[in-house]
Structure formats: structure tokens, C-alpha cells
file upload-v1.txt (compact mmCIF, C-alpha atoms and all ligand atoms)
# COMPACT_ATOMS: atom_id res chain seq x y z
CA MET A 1 93.69 84.04 67.63
CA PHE A 2 91.72 86.30 65.25
CA LYS A 3 90.45 88.40 68.14
CA PHE A 4 93.97 88.77 69.46
CA GLN A 5 95.23 89.99 66.07
CA VAL A 6 92.47 92.61 65.84
CA ILE A 7 93.21 93.86 69.32
CA SER A 8 96.95 93.96 68.56
CA ARG A 9 96.23 96.04 65.46
CA ILE A 10 94.12 98.47 67.46
CA TYR A 11 97.02 98.81 69.90
CA GLU A 12 99.50 99.41 67.07
CA GLU A 13 97.23 102.05 65.53
CA ARG A 14 96.86 103.73 68.87
CA VAL A 15 100.58 103.93 69.38
CA SER A 16 100.98 105.54 65.98
CA VAL A 17 98.53 108.36 66.84
CA VAL A 18 99.55 108.62 70.43
CA LYS A 19 99.62 112.12 71.91
CA GLU A 20 102.68 113.04 73.93
CA TYR A 21 102.70 115.24 77.01
CA LYS A 22 105.72 116.66 78.75
CA VAL A 23 105.90 115.77 82.41
CA GLY A 24 107.99 117.71 84.90
CA ILE A 25 108.76 116.61 88.43
CA ILE A 26 109.61 119.05 91.20
CA GLY A 27 111.28 117.14 94.03
CA PHE A 28 113.69 114.29 93.27
CA GLY A 29 113.44 112.39 96.55
CA THR A 30 112.36 108.79 97.05
CA VAL A 31 108.97 109.19 95.37
CA GLY A 32 110.28 111.54 92.66
CA ALA A 33 112.88 108.94 91.73
CA GLY A 34 110.19 106.23 91.67
CA VAL A 35 108.00 108.32 89.37
CA ALA A 36 110.91 109.05 87.00
CA GLU A 37 111.82 105.36 86.94
CA ASN A 38 108.24 104.30 86.23
CA LEU A 39 107.79 106.85 83.44
CA LEU A 40 111.01 105.77 81.77
CA LEU A 41 110.10 102.11 82.12
CA ASN A 42 106.39 102.04 81.35
CA HIS A 43 105.56 104.97 79.05
CA ASP A 44 105.06 102.57 76.11
CA CYS A 45 102.69 100.41 78.05
CA ILE A 46 100.72 103.51 79.14
CA ALA A 47 100.66 104.80 75.55
CA LYS A 48 99.27 101.50 74.29
CA ARG A 49 96.60 101.36 76.93
CA THR A 50 95.51 104.98 76.85
CA GLY A 51 96.63 106.63 73.63
CA VAL A 52 98.64 109.22 75.57
CA ARG A 53 102.33 109.07 76.34
CA PRO A 54 103.66 110.89 79.39
CA VAL A 55 107.23 111.88 78.52
CA LEU A 56 109.66 112.66 81.32
CA HIS A 57 110.89 116.11 80.32
CA LYS A 58 112.33 117.82 83.40
CA ILE A 59 113.13 117.05 87.03
CA ALA A 60 113.96 119.87 89.41
CA ASP A 61 115.71 119.50 92.73
CA LEU A 62 118.29 121.47 94.67
CA ASP A 63 120.43 118.33 94.71
CA ILE A 64 120.86 116.94 91.23
CA LYS A 65 124.23 115.32 91.92
CA THR A 66 123.31 112.41 94.25
CA ASP A 67 122.90 109.13 92.39
CA ARG A 68 119.29 107.89 92.74
CA GLY A 69 120.07 104.64 90.95
CA ILE A 70 118.31 105.60 87.69
CA ALA A 71 119.83 106.64 84.39
CA ILE A 72 118.19 110.01 83.78
CA PRO A 73 118.50 111.20 80.16
CA GLU A 74 120.75 114.18 79.52
CA GLY A 75 119.21 117.61 79.95
CA VAL A 76 116.33 116.42 82.16
CA LEU A 77 117.77 117.45 85.54
CA THR A 78 117.66 121.07 86.61
CA THR A 79 117.85 123.04 89.82
CA ASP A 80 115.24 125.50 88.53
CA ALA A 81 111.65 124.58 89.42
CA GLN A 82 110.31 127.45 87.32
CA GLN A 83 111.84 125.82 84.23
CA VAL A 84 109.73 122.73 84.95
CA ILE A 85 106.59 124.85 85.18
CA ASP A 86 107.44 126.81 82.03
CA GLU A 87 108.37 123.85 79.82
CA CYS A 88 106.04 121.05 80.90
CA ASP A 89 102.36 120.25 80.29
CA ILE A 90 101.91 118.44 83.58
CA VAL A 91 103.69 119.44 86.78
CA VAL A 92 104.24 116.84 89.49
CA GLU A 93 104.82 118.34 92.93
CA LEU A 94 106.79 115.97 95.18
CA VAL A 95 108.58 118.46 97.39
CA GLY A 96 106.32 117.90 100.39
CA GLY A 97 105.63 120.39 103.16
CA THR A 98 103.10 123.17 103.09
CA THR A 99 105.03 126.29 102.10
CA ILE A 100 107.21 126.13 98.99
CA ALA A 101 105.12 123.23 97.63
CA LYS A 102 102.02 125.44 97.76
CA LYS A 103 103.85 128.18 95.89
CA PHE A 104 104.95 125.77 93.13
CA ILE A 105 101.43 124.35 92.74
CA LEU A 106 99.74 127.75 92.59
CA THR A 107 102.32 129.04 90.10
CA ALA A 108 101.76 126.00 87.89
CA LEU A 109 97.95 126.19 88.09
CA ASN A 110 97.98 129.91 87.35
CA ALA A 111 100.23 129.22 84.35
CA GLY A 112 97.52 126.89 83.05
CA LYS A 113 99.36 123.68 83.92
CA SER A 114 97.67 120.68 85.49
CA VAL A 115 99.24 119.43 88.69
CA VAL A 116 99.71 116.01 90.26
CA THR A 117 100.69 115.89 93.92
CA ALA A 118 101.12 113.38 96.75
CA ASN A 119 101.05 116.11 99.38
CA LYS A 120 98.30 115.20 101.86
CA ALA A 121 99.37 117.75 104.46
CA LEU A 122 99.13 120.56 101.92
CA LEU A 123 95.74 119.40 100.64
CA ALA A 124 94.35 118.99 104.14
CA LEU A 125 95.53 122.52 104.96
CA HIS A 126 94.91 124.43 101.73
CA GLY A 127 92.79 122.10 99.60
CA GLU A 128 89.99 124.58 99.07
CA GLU A 129 92.29 127.31 97.80
CA LEU A 130 94.17 124.94 95.48
CA PHE A 131 91.00 123.47 93.97
CA ALA A 132 89.60 126.96 93.44
CA ALA A 133 92.79 127.92 91.55
CA ALA A 134 92.56 124.78 89.40
CA GLU A 135 88.90 125.52 88.65
CA LYS A 136 89.62 129.15 87.78
CA ASN A 137 92.36 128.15 85.36
CA ASN A 138 90.40 125.24 83.93
CA VAL A 139 93.10 122.70 84.75
CA ASN A 140 93.30 119.58 86.89
CA ILE A 141 94.79 118.86 90.26
CA TYR A 142 95.04 115.11 90.94
CA TYR A 143 96.21 113.60 94.21
CA GLU A 144 95.79 109.82 94.26
CA ALA A 145 99.09 109.23 96.06
CA SER A 146 98.10 111.46 98.97
CA VAL A 147 95.99 108.73 100.57
CA ALA A 148 97.05 105.11 101.05
CA GLY A 149 99.96 105.23 98.57
CA GLY A 150 99.48 102.70 95.80
CA ILE A 151 95.84 101.89 96.58
CA PRO A 152 93.60 103.72 94.07
CA ILE A 153 91.15 104.81 96.77
CA ILE A 154 90.61 108.37 95.47
CA LYS A 155 89.68 107.10 92.03
CA ALA A 156 87.43 104.49 93.62
CA LEU A 157 85.57 107.13 95.63
CA ARG A 158 85.36 109.67 92.80
CA GLU A 159 84.48 107.28 90.01
CA GLY A 160 83.95 103.65 90.96
CA LEU A 161 81.58 104.46 93.83
CA VAL A 162 79.98 107.55 92.32
CA SER A 163 76.51 106.04 92.55
CA ASN A 164 76.80 105.58 96.31
CA ARG A 165 76.11 107.62 99.35
CA ILE A 166 79.10 106.83 101.51
CA GLU A 167 78.04 105.66 104.95
CA ARG A 168 81.27 104.47 106.53
CA ILE A 169 85.00 104.57 105.80
CA TYR A 170 87.46 102.77 108.05
CA GLY A 171 91.09 103.16 107.02
CA ILE A 172 94.39 101.71 108.19
CA MET A 173 96.30 104.42 106.36
CA ASN A 174 99.62 104.75 108.12
CA GLY A 175 102.10 102.01 107.35
CA THR A 176 104.46 103.04 110.13
CA CYS A 177 101.78 102.67 112.81
CA ASN A 178 100.51 99.42 111.37
CA TYR A 179 104.04 98.06 111.29
CA ILE A 180 104.62 99.08 114.92
CA LEU A 181 101.32 97.62 116.15
CA THR A 182 101.84 94.39 114.23
CA ARG A 183 105.30 93.83 115.70
CA MET A 184 104.26 94.81 119.22
CA GLU A 185 101.49 92.24 119.02
CA ARG A 186 103.47 89.48 117.31
CA GLU A 187 106.68 89.79 119.27
CA GLY A 188 105.56 91.43 122.49
CA ALA A 189 108.06 94.13 121.50
CA ASP A 190 108.08 97.61 123.03
CA PHE A 191 107.05 100.69 121.11
CA ALA A 192 110.35 102.62 120.97
CA PRO A 193 112.67 99.99 119.38
CA VAL A 194 110.03 99.08 116.78
CA LEU A 195 109.61 102.75 115.84
CA ALA A 196 113.40 102.96 115.42
CA ASP A 197 113.23 99.98 113.01
CA ALA A 198 110.38 101.62 111.05
CA GLN A 199 112.54 104.73 110.67
CA LYS A 200 115.52 102.67 109.53
CA LEU A 201 113.33 100.95 106.93
CA GLY A 202 112.22 104.35 105.62
CA TYR A 203 108.50 103.94 106.41
CA ALA A 204 108.19 106.85 108.83
CA GLU A 205 107.80 110.50 107.87
CA ALA A 206 110.83 112.75 108.39
CA ASN A 207 109.07 113.87 111.55
CA PRO A 208 107.72 110.55 112.95
CA SER A 209 105.33 112.43 115.20
CA LEU A 210 103.17 112.86 112.08
CA ASP A 211 102.84 109.07 111.93
CA ILE A 212 102.64 107.96 115.56
CA ASP A 213 100.58 110.88 116.85
CA GLY A 214 97.97 110.21 114.17
CA PHE A 215 98.29 113.39 112.08
CA ASP A 216 99.29 111.63 108.87
CA THR A 217 96.19 109.45 109.17
CA ALA A 218 94.15 112.56 110.01
CA HIS A 219 95.29 114.35 106.83
CA LYS A 220 94.19 111.31 104.82
CA THR A 221 90.92 111.04 106.73
CA ALA A 222 90.14 114.71 106.03
CA ILE A 223 90.79 114.17 102.30
CA LEU A 224 88.58 111.07 102.08
CA ALA A 225 85.78 112.72 104.04
CA SER A 226 85.96 115.77 101.78
CA LEU A 227 85.64 113.54 98.73
CA ALA A 228 82.81 111.57 100.22
CA TYR A 229 80.74 114.53 101.43
CA GLY A 230 81.75 117.41 99.16
CA LYS A 231 82.77 119.84 101.86
CA TRP A 232 86.49 120.49 102.16
CA PHE A 233 87.24 119.43 105.74
CA GLY A 234 90.46 120.72 107.26
CA LEU A 235 92.68 118.89 109.71
CA ASP A 236 90.97 120.59 112.64
CA SER A 237 87.71 118.83 111.72
CA VAL A 238 89.29 115.51 112.64
CA TYR A 239 89.59 114.28 116.24
CA VAL A 240 93.10 112.80 116.60
CA GLU A 241 94.78 110.40 119.03
CA GLY A 242 97.93 108.50 118.11
CA ILE A 243 99.50 105.26 119.28
CA ARG A 244 102.31 106.71 121.40
CA ASP A 245 100.62 105.82 124.70
CA LEU A 246 99.46 102.33 123.77
CA GLU A 247 100.76 99.70 126.13
CA LEU A 248 101.54 96.07 125.49
CA ALA A 249 99.03 95.23 128.22
CA ASP A 250 96.24 96.71 126.06
CA ILE A 251 97.30 94.73 123.03
CA ALA A 252 97.35 91.54 125.14
CA CYS A 253 93.95 92.26 126.77
CA ALA A 254 92.41 93.03 123.38
CA ASP A 255 93.73 89.73 122.07
CA GLU A 256 92.31 87.87 125.06
CA LEU A 257 88.89 89.37 124.27
CA GLY A 258 89.04 88.48 120.55
CA TYR A 259 90.05 91.93 119.26
CA ARG A 260 93.08 93.53 117.66
CA ILE A 261 94.15 97.15 117.99
CA LYS A 262 94.63 99.21 114.82
CA LEU A 263 95.08 102.94 114.27
CA LEU A 264 91.97 103.75 112.23
CA GLY A 265 90.80 106.81 110.38
CA ILE A 266 87.04 106.61 110.85
CA ILE A 267 84.44 108.51 108.84
CA LYS A 268 80.73 107.99 109.44
CA CYS A 269 77.67 109.75 108.19
CA ASP A 270 74.31 109.18 109.87
CA ASN A 271 71.36 111.31 108.80
CA GLY A 272 73.68 113.95 107.38
CA ALA A 273 75.84 114.23 110.52
CA VAL A 274 79.46 113.43 109.71
CA GLN A 275 82.06 112.32 112.25
CA MET A 276 85.78 112.10 111.50
CA ARG A 277 88.20 110.65 113.97
CA VAL A 278 91.57 108.96 114.21
CA HIS A 279 92.46 106.82 117.20
CA PRO A 280 93.65 103.37 118.21
CA THR A 281 90.61 101.11 117.87
CA LEU A 282 89.69 97.61 118.99
CA ILE A 283 88.35 95.75 115.98
CA PRO A 284 87.14 92.16 115.80
CA GLY A 285 90.11 89.83 115.41
CA LYS A 286 88.34 87.93 112.65
CA SER A 287 87.49 91.00 110.53
CA LEU A 288 89.27 91.55 107.22
CA LEU A 289 90.80 94.82 108.45
CA ALA A 290 92.30 92.99 111.43
CA GLY A 291 94.22 90.82 108.96
CA ILE A 292 96.00 93.83 107.44
CA ASN A 293 99.45 93.74 108.91
CA ASP A 294 102.95 95.19 108.77
CA VAL A 295 103.38 98.23 106.53
CA PHE A 296 100.24 97.47 104.48
CA ASN A 297 97.22 99.78 104.33
CA GLY A 298 93.56 98.88 104.00
CA VAL A 299 90.50 101.04 103.46
CA GLN A 300 87.01 99.68 104.00
CA VAL A 301 84.32 101.76 102.31
CA GLU A 302 80.62 101.15 102.84
CA GLY A 303 78.16 102.67 100.39
CA ASP A 304 74.38 102.56 100.44
CA THR A 305 74.31 100.75 97.11
CA VAL A 306 77.47 98.65 96.97
CA GLY A 307 77.59 97.60 100.64
CA GLN A 308 81.01 96.81 102.04
CA THR A 309 84.20 97.07 99.93
CA LEU A 310 87.83 96.68 100.96
CA PHE A 311 90.92 98.12 99.28
CA TYR A 312 94.29 96.71 100.27
CA GLY A 313 97.89 97.40 99.33
CA ARG A 314 101.08 99.23 100.06
CA GLY A 315 100.48 102.68 101.51
CA ALA A 316 104.01 103.95 101.23
CA GLY A 317 107.30 103.40 99.49
CA ARG A 318 108.92 104.46 96.25
CA LYS A 319 107.25 102.07 93.84
CA ALA A 320 103.73 101.93 95.30
CA THR A 321 103.49 105.71 95.54
CA ALA A 322 104.94 106.11 92.03
CA SER A 323 102.22 103.79 90.73
CA ALA A 324 99.55 106.20 92.01
CA VAL A 325 101.35 109.34 90.81
CA VAL A 326 101.86 107.96 87.30
CA ALA A 327 98.22 106.84 87.13
CA ASP A 328 97.26 110.46 87.89
CA ILE A 329 99.69 111.77 85.27
CA SER A 330 98.10 109.44 82.71
CA ASP A 331 94.60 110.50 83.74
CA VAL A 332 95.46 114.18 83.41
CA ALA A 333 97.08 113.52 80.00
CA LEU A 334 93.96 111.64 78.91
CA ASN A 335 91.79 114.56 79.97
CA MET A 336 94.01 116.93 78.00
CA ALA A 337 93.99 114.69 74.93
CA ASN A 338 90.23 114.71 75.00
CA ASN A 339 89.98 118.41 75.70
CA CYS A 340 88.04 117.85 78.87
CA THR A 341 89.95 119.09 81.88
CA ARG A 342 86.63 119.37 83.67
CA ARG A 343 85.69 115.71 83.13
CA LEU A 344 85.80 115.26 86.89
CA PRO A 345 85.84 118.46 88.90
CA GLY A 346 88.36 118.23 91.74
CA PHE A 347 85.86 118.99 94.37
CA VAL A 348 82.09 118.97 94.20
CA PRO A 349 79.87 120.36 96.95
CA GLY A 350 77.64 117.48 97.96
CA GLU A 351 74.23 117.21 99.53
CA GLN A 352 74.72 114.39 102.01
CA PHE A 353 76.53 116.46 104.66
CA THR A 354 74.43 118.62 106.97
CA ALA A 355 76.37 118.80 110.24
CA GLN A 356 79.55 117.66 111.94
CA LEU A 357 79.54 115.67 115.17
CA SER A 358 82.13 116.56 117.78
CA ILE A 359 83.88 113.73 119.59
CA ASP A 360 81.75 114.41 122.71
CA ASP A 361 78.62 113.61 120.75
CA ILE A 362 79.66 110.33 119.21
CA THR A 363 78.31 107.01 120.38
CA SER A 364 80.73 104.11 120.57
CA ARG A 365 81.59 100.98 122.45
CA TYR A 366 84.54 101.37 124.82
CA TYR A 367 87.41 99.34 126.23
CA LEU A 368 88.46 100.63 129.66
CA ARG A 369 91.46 99.29 131.56
CA LEU A 370 91.81 100.32 135.17
CA GLN A 371 94.60 99.49 137.55
CA VAL A 372 92.83 99.16 140.91
CA LYS A 373 93.48 98.19 144.50
CA ASP A 374 92.53 94.60 145.20
CA CYS A 375 90.00 95.11 147.99
CA ALA A 376 86.33 94.52 148.65
CA GLY A 377 83.79 96.73 146.88
CA VAL A 378 86.08 98.10 144.16
CA ILE A 379 84.15 96.59 141.29
CA ALA A 380 80.86 97.57 142.92
CA SER A 381 81.85 101.22 143.15
CA ILE A 382 83.08 101.35 139.56
CA THR A 383 80.09 99.58 138.08
CA GLN A 384 77.83 101.85 140.15
CA ILE A 385 79.35 104.93 138.50
CA LEU A 386 78.81 103.40 135.07
CA ALA A 387 75.28 102.24 135.90
CA SER A 388 74.29 105.71 137.13
CA ARG A 389 74.87 106.93 133.54
CA SER A 390 73.13 103.95 131.97
CA ILE A 391 76.43 102.66 130.64
CA ASN A 392 75.88 98.98 130.07
CA ILE A 393 78.85 96.63 130.59
CA SER A 394 79.27 93.93 127.97
CA SER A 395 82.34 92.22 129.45
CA LEU A 396 84.40 92.52 132.62
CA ILE A 397 87.68 90.78 133.44
CA GLN A 398 89.83 91.11 136.52
CA HIS A 399 93.21 89.45 136.36
CA GLU A 400 94.51 87.77 139.51
CA HIS A 401 98.08 88.81 138.79
CA ARG A 402 99.13 91.63 141.13
CA ALA A 403 101.49 94.39 140.05
CA GLU A 404 104.41 95.36 142.30
CA ASP A 405 102.25 97.98 144.03
CA GLY A 406 99.62 95.32 144.79
CA SER A 407 97.13 96.60 142.22
CA VAL A 408 95.27 94.43 139.74
CA SER A 409 94.03 95.22 136.28
CA LEU A 410 90.34 95.42 135.56
CA VAL A 411 89.16 95.48 131.97
CA VAL A 412 85.65 96.63 131.11
CA LEU A 413 84.01 96.56 127.69
CA THR A 414 80.83 98.56 127.27
CA HIS A 415 77.84 98.42 125.01
CA PRO A 416 77.33 101.60 122.92
CA ALA A 417 77.43 104.72 125.07
CA LYS A 418 77.81 108.45 124.53
CA GLU A 419 81.41 109.62 124.72
CA LYS A 420 80.46 112.47 127.03
CA GLU A 421 78.86 110.03 129.48
CA ILE A 422 81.94 107.83 129.45
CA ARG A 423 84.20 110.83 130.05
CA SER A 424 82.12 112.04 132.96
CA ALA A 425 82.14 108.51 134.44
CA LEU A 426 85.93 108.33 134.08
CA ALA A 427 86.31 111.70 135.79
CA GLU A 428 84.34 110.32 138.74
CA ILE A 429 86.29 107.05 138.74
CA ALA A 430 89.57 109.01 138.70
CA VAL A 431 88.91 110.53 142.14
CA LEU A 432 88.04 107.20 143.75
CA SER A 433 90.76 106.12 146.15
CA VAL A 434 90.55 102.61 144.67
CA ASN A 435 91.93 103.78 141.38
CA ASN A 436 95.74 103.57 141.14
CA SER A 437 96.50 105.10 137.74
CA PRO A 438 94.73 106.81 134.82
CA VAL A 439 92.11 104.71 133.10
CA ARG A 440 93.06 103.57 129.58
CA LEU A 441 90.24 104.23 127.13
CA ILE A 442 90.15 102.72 123.63
CA ARG A 443 87.12 102.88 121.38
CA ILE A 444 85.72 99.73 119.81
CA GLU A 445 84.28 99.33 116.31
CA ASP A 446 82.36 96.22 115.32
CA PHE A 447 82.02 95.65 111.58
N1 LIG B 1 104.63 107.75 106.66
C1 LIG B 1 103.51 107.29 105.90
C2 LIG B 1 103.18 105.89 106.39
C3 LIG B 1 103.83 107.25 104.43
O1 LIG B 1 103.87 105.37 107.27
O2 LIG B 1 102.22 105.33 105.90
C4 LIG B 1 102.94 107.90 103.47
O3 LIG B 1 101.93 108.69 103.92
call {"tool": "encode", "arguments": {"input": "upload-v1.txt", "output": "C-alpha cells"}}
result
Amino acid sequence: MFKFQVISRIYEERVSVVKEYKVGIIGFGTVGAGVAENLLLNHDCIAKRTGVRPVLHKIADLDIKTDRGIAIPEGVLTTDAQQVIDECDIVVELVGGTTIAKKFILTALNAGKSVVTANKALLALHGEELFAAAEKNNVNIYYEASVAGGIPIIKALREGLVSNRIERIYGIMNGTCNYILTRMEREGADFAPVLADAQKLGYAEANPSLDIDGFDTAHKTAILASLAYGKWFGLDSVYVEGIRDLELADIACADELGYRIKLLGIIKCDNGAVQMRVHPTLIPGKSLLAGINDVFNGVQVEGDTVGQTLFYGRGAGRKATASAVVADISDVALNMANNCTRRLPGFVPGEQFTAQLSIDDITSRYYLRLQVKDCAGVIASITQILASRSINISSLIQHEHRAEDGSVSLVVLTHPAKEKEIRSALAEIAVLSVNNSPVRLIRIEDF
């Protein structure tokens, strides 16, 4: 009881000396509305915990008439983004896109204002330039909401895991894709109608190609890799394949073999060589990541000191994303209150990275599904091509069921092999007359 009273008094004292900072939001869409709502609801709780109070001062949007379901205090809404930059201490960019958003952020940074953004595409494209501007002006740019929505993965990498060399990151970081894959697997549903549902539910990006073709995950992968290895990697550093071409047959075969298929952002560093890739991946059905379903995200980080860690939560949506944005706002305010905008530099050149591996040079296990003619010697000729490149088969299944054209499906799992060897084997298999349609290739990760 006594302890509680002392702590309560400390809280009360804190609130009485709390420092207030004016927050301005540019972009009053779904996330902007969530951030406004959270600031209005929880500023007291933040003030008690941190000694700083973020005060919602301005919100700019071209449309300030549509009702977002929140009572915004009089005088807060404006159509003039410059007013937000001029009047606020902390500018929150939630416009999205890579053109006007960049202009707003640079204007704010150059005016000496710290910026919070959720804009992964912009960071992946222009991160280096934006961090240089923040550094030059001695202000912060924070971006927790850009990766995995409400999961505090950026803070974990920058602070919680600072004593680690990061060896592996595996991320399910696109809720739309995870939702689609989960429903395809659970219900045997086809890709297109499930994507339509994801769009209706508001999970997908305005352009769903960003989700299903893997680019959204690639932006996030580039950001995490940059944080982990201290070199700002652009989108073109990441090898990308999406889930558009995945077939139900692959999901069923994976299941039969004890695996599940997830769209993963994969980052690995071995002896200084970093690889970054996004593609559908077979992962062990019993692994923790395999249990992350529906719209949820999960990021598994492996450090040399901590070992394996797993972060789980909602990767999208108004409230989850607002949680991350407001945490950043509070962090920036705390930095300002303590006069230490350089407490954590946005981007620090690291020493772990020495080279980048291209996809041709990676080593992986592979799932191959071939649709072949059912006649003598087919398996022999295929395994011969693999054997001639020292590609070792770990499992092989031929289903008796014949397709309408008389072909049967042959599924091969390999032990680790070089991607370039696999590709050259597949090129040779493709010209065999026994092969009826393109071989399906999915990489396997064992945790
Ligand atoms: N469209 C993204 C997703 C949302 O489905 O996860 C935030 O990046």
C-alpha cells in the first residue's frame, strides 16, 4: 500500500511538470484518424508514464469534411499542410506515396521539426536522403509503423537487441497475404475471391499488387535489413516473388509433407554476406511462425547473443498502426524534453555487412512440383539431371491421381543446394518431353 502511494505521488508530480509538445498530422485517412483518436484518448496516460504530453494541435487533409467518427476539437482541422509544419513541434506524415509525402517530410526536417512516418515505400526508396536531412538539422525521423504495424520491431532492433549481431530475420509482414494463404489452406478457397474479401475488409493496399506481388514485404525487409546491418538497402537489393501464382495443389502438397506456405521476408547474414529475399516459403508446420495466421504478422529475429526471438501482433489496421505511430511521437517528445535528439541516430553505418549475395548465389532447400507424363523412366531422367549437379533429394512423392491430360504430379524436396544449380537443372528438365508444364519451385526454410 505504502509503495503504491509513493508511486502515485511520483506520477502526480510528473503530471504537474509535464512538458507539452504540439503534434500535427498530415493525412487524415484511416491511420491518421486512428492516431488522432489515440492522442485524444491516451495523452494523459502517456504524460503520466513519460513526463511528456503529445497534444493534438493540427490535422491537415484535402478532405476535412468527411466524418471519421471522432470528435476533433475546433480549429484543429486544416487543408494547409504547411500550417501543420509551421505550428507544430512534431510532424506526422501519413499521406503515403513517394512524391508529396517526401516533400512534406523534407520541408519539416529542414524547418527543424522532427518527423514520424509510417511510409515504408518512401523510406525504402529515399531513406538515405531523409536520414541525412534529419541528421543535418539535428532532428529525429521515427518510423515504427512502417514495418509490421503495431509490433514494436524497429524499437526492438534498435534498442532491445542492440547488443546482438543479427544473424537471421524471418518476417510474415503482409497481413493481406497471410490472410489469403490462411484461408486458401483452411477452406481450400481460390486466390481471387479471398483477395476480394481482403480488399473489402480494408487489409490490402490501395494497389493490391503491392501486397500480393511481395513489394510491401520487400519494402519492410529492406528497412529491417538496413537497421540490422547499417547500410541503407533500397528495394532493388531485395529479391521479390509474390503469392499470385501459388496454387492450391502446392498448399495441399506442403501440408502432406508437414509444411505450411507463408510469404516471408528473409534476411540472413553469414560471414558478412547479407541476403535479402521475399518469396513464398515452405516452413515446418510445427514452427511458431507457421502458427501465425489470418491478418496477423510475426517477425522472428535471431541474434548471436539472444538466440531466437519472436514478435507477434497486428501488422495493419487503424488502431494497431496508431499504437506504433503514437509510441514514436512519445519517443520523439521524450528526446526533445531531454534535449537529446541524437539519443539514437536514425541510421548508423555498421560493421557486420561486407557483401550482398544475389539470389543465384544463395543456398536453400527446394520444393519442386512437376506435372509429368506417367510412363517408364520419367523419374529416372529427372533424378539423373538433379544427380548430375549433386542435388540431393530428401523426399519424392508421385501421386497416382491422373489429371485430365493423363499427367501425374511429382513432388521433390531437396537437401540444401545452390540456387544456380537448381535453375540450371530446371532448365534442362523443362526441355524433356516428359515434362507437361512449368515446374513449380518454392524455397524451404527449416528453423
Ligand atoms: N497492406 C499491408 C498489409 C498493410 O496487408 O499488411 C500495412 O503495410
call {"tool": "closest_residue", "arguments": {"input": "upload-v1.txt", "among": "A:Pro438, A:Gly75, A:Gly29, A:Gly149", "to": "Gly317 (chain A)", "atoms": "all atoms listed in the file"}}
result
A:Gly149
call {"tool": "closest_residue", "arguments": {"input": "upload-v1.txt", "among": "A:Val278, A:Ile261, A:Ala111, A:Ala290", "to": "Ala134 (chain A)", "atoms": "all atoms listed in the file"}}
result
A:Ala111
call {"tool": "closest_atom_pairs", "arguments": {"input": "upload-v1.txt", "of": "chain A", "to": "ligand LIG 1 (chain B)", "cutoff": "7 Å", "atoms": "only C-alpha atoms and all ligand atoms", "output": "JSON lines"}}
result
{"residue": "A:Ser146", "atom": "CA", "partner": "B:LIG1", "partner_atom": "O3", "distance": 6.8}
{"residue": "A:Val147", "atom": "CA", "partner": "B:LIG1", "partner_atom": "O3", "distance": 6.8}
{"residue": "A:Ala148", "atom": "CA", "partner": "B:LIG1", "partner_atom": "O3", "distance": 6.7}
{"residue": "A:Gly149", "atom": "CA", "partner": "B:LIG1", "partner_atom": "C4", "distance": 6.3}
{"residue": "A:Met173", "atom": "CA", "partner": "B:LIG1", "partner_atom": "O2", "distance": 6.0}
{"residue": "A:Asn174", "atom": "CA", "partner": "B:LIG1", "partner_atom": "O2", "distance": 3.5}
{"residue": "A:Gly175", "atom": "CA", "partner": "B:LIG1", "partner_atom": "O2", "distance": 3.6}
{"residue": "A:Thr176", "atom": "CA", "partner": "B:LIG1", "partner_atom": "O1", "distance": 3.7}
{"residue": "A:Cys177", "atom": "CA", "partner": "B:LIG1", "partner_atom": "O1", "distance": 6.5}
{"residue": "A:Tyr203", "atom": "CA", "partner": "B:LIG1", "partner_atom": "O1", "distance": 4.9}
{"residue": "A:Ala204", "atom": "CA", "partner": "B:LIG1", "partner_atom": "N1", "distance": 4.3}
{"residue": "A:Glu205", "atom": "CA", "partner": "B:LIG1", "partner_atom": "N1", "distance": 4.4}
{"residue": "A:Asp211", "atom": "CA", "partner": "B:LIG1", "partner_atom": "N1", "distance": 5.7}
{"residue": "A:Asp216", "atom": "CA", "partner": "B:LIG1", "partner_atom": "O3", "distance": 6.3}
{"residue": "A:Gly315", "atom": "CA", "partner": "B:LIG1", "partner_atom": "O2", "distance": 5.4}
{"residue": "A:Ala316", "atom": "CA", "partner": "B:LIG1", "partner_atom": "C3", "distance": 4.6}
call {"tool": "residues_around", "arguments": {"input": "upload-v1.txt", "residues": "region 139-144 of chain A", "least_positions_apart": "6", "cutoff": "9 Å", "atoms": "only C-alpha atoms", "output": "mmCIF file with C-alpha atoms, in the coordinates of the input"}}
result
data_model
loop_
_atom_site.group_PDB
_atom_site.id
_atom_site.type_symbol
_atom_site.label_atom_id
_atom_site.label_comp_id
_atom_site.auth_asym_id
_atom_site.auth_seq_id
_atom_site.Cartn_x
_atom_site.Cartn_y
_atom_site.Cartn_z
ATOM 1 C CA ILE A 105 101.430 124.350 92.740
ATOM 2 C CA LEU A 109 97.950 126.190 88.090
ATOM 3 C CA GLY A 112 97.520 126.890 83.050
ATOM 4 C CA LYS A 113 99.360 123.680 83.920
ATOM 5 C CA SER A 114 97.670 120.680 85.490
ATOM 6 C CA VAL A 115 99.240 119.430 88.690
ATOM 7 C CA VAL A 116 99.710 116.010 90.260
ATOM 8 C CA THR A 117 100.690 115.890 93.920
ATOM 9 C CA ALA A 118 101.120 113.380 96.750
ATOM 10 C CA ASN A 119 101.050 116.110 99.380
ATOM 11 C CA LYS A 120 98.300 115.200 101.860
ATOM 12 C CA LEU A 123 95.740 119.400 100.640
ATOM 13 C CA LEU A 130 94.170 124.940 95.480
ATOM 14 C CA PHE A 131 91.000 123.470 93.970
ATOM 15 C CA ALA A 133 92.790 127.920 91.550
ATOM 16 C CA GLY A 150 99.480 102.700 95.800
ATOM 17 C CA ILE A 151 95.840 101.890 96.580
ATOM 18 C CA PRO A 152 93.600 103.720 94.070
ATOM 19 C CA ILE A 153 91.150 104.810 96.770
ATOM 20 C CA ILE A 154 90.610 108.370 95.470
ATOM 21 C CA LYS A 155 89.680 107.100 92.030
ATOM 22 C CA THR A 321 103.490 105.710 95.540
ATOM 23 C CA ALA A 324 99.550 106.200 92.010
ATOM 24 C CA VAL A 325 101.350 109.340 90.810
ATOM 25 C CA ALA A 327 98.220 106.840 87.130
ATOM 26 C CA ASP A 328 97.260 110.460 87.890
ATOM 27 C CA ILE A 329 99.690 111.770 85.270
ATOM 28 C CA ASP A 331 94.600 110.500 83.740
ATOM 29 C CA VAL A 332 95.460 114.180 83.410
ATOM 30 C CA ASN A 335 91.790 114.560 79.970
ATOM 31 C CA MET A 336 94.010 116.930 78.000
ATOM 32 C CA THR A 341 89.950 119.090 81.880
ATOM 33 C CA ARG A 342 86.630 119.370 83.670
ATOM 34 C CA LEU A 344 85.800 115.260 86.890
ATOM 35 C CA PRO A 345 85.840 118.460 88.900
ATOM 36 C CA GLY A 346 88.360 118.230 91.740
#
call {"tool": "residues_around", "arguments": {"input": "upload-v1.txt", "residues": "region 162-168 of chain A", "least_positions_apart": "5", "cutoff": "9 Å", "atoms": "all atoms listed in the file", "output": "ChimeraX atom specification"}}
result
/A:156-157,228-229,266-270,300-306,308,352
call {"tool": "atom_distance", "arguments": {"input": "upload-v1.txt", "atom1": "CA of Gly313 (chain A)", "atom2": "CA of Asp255 (chain A)"}}
result
24.4 Å
call {"tool": "closest_residue", "arguments": {"input": "upload-v1.txt", "among": "A:Glu185, A:Glu256, A:Asp250, A:Glu351", "to": "Gly272 (chain A)", "atoms": "all atoms listed in the file"}}
result
A:Glu351
call {"tool": "atom_distance", "arguments": {"input": "upload-v1.txt", "atom1": "CA of Glu247 (chain A)", "atom2": "CA of Arg440 (chain A)"}}
result
9.3 Å
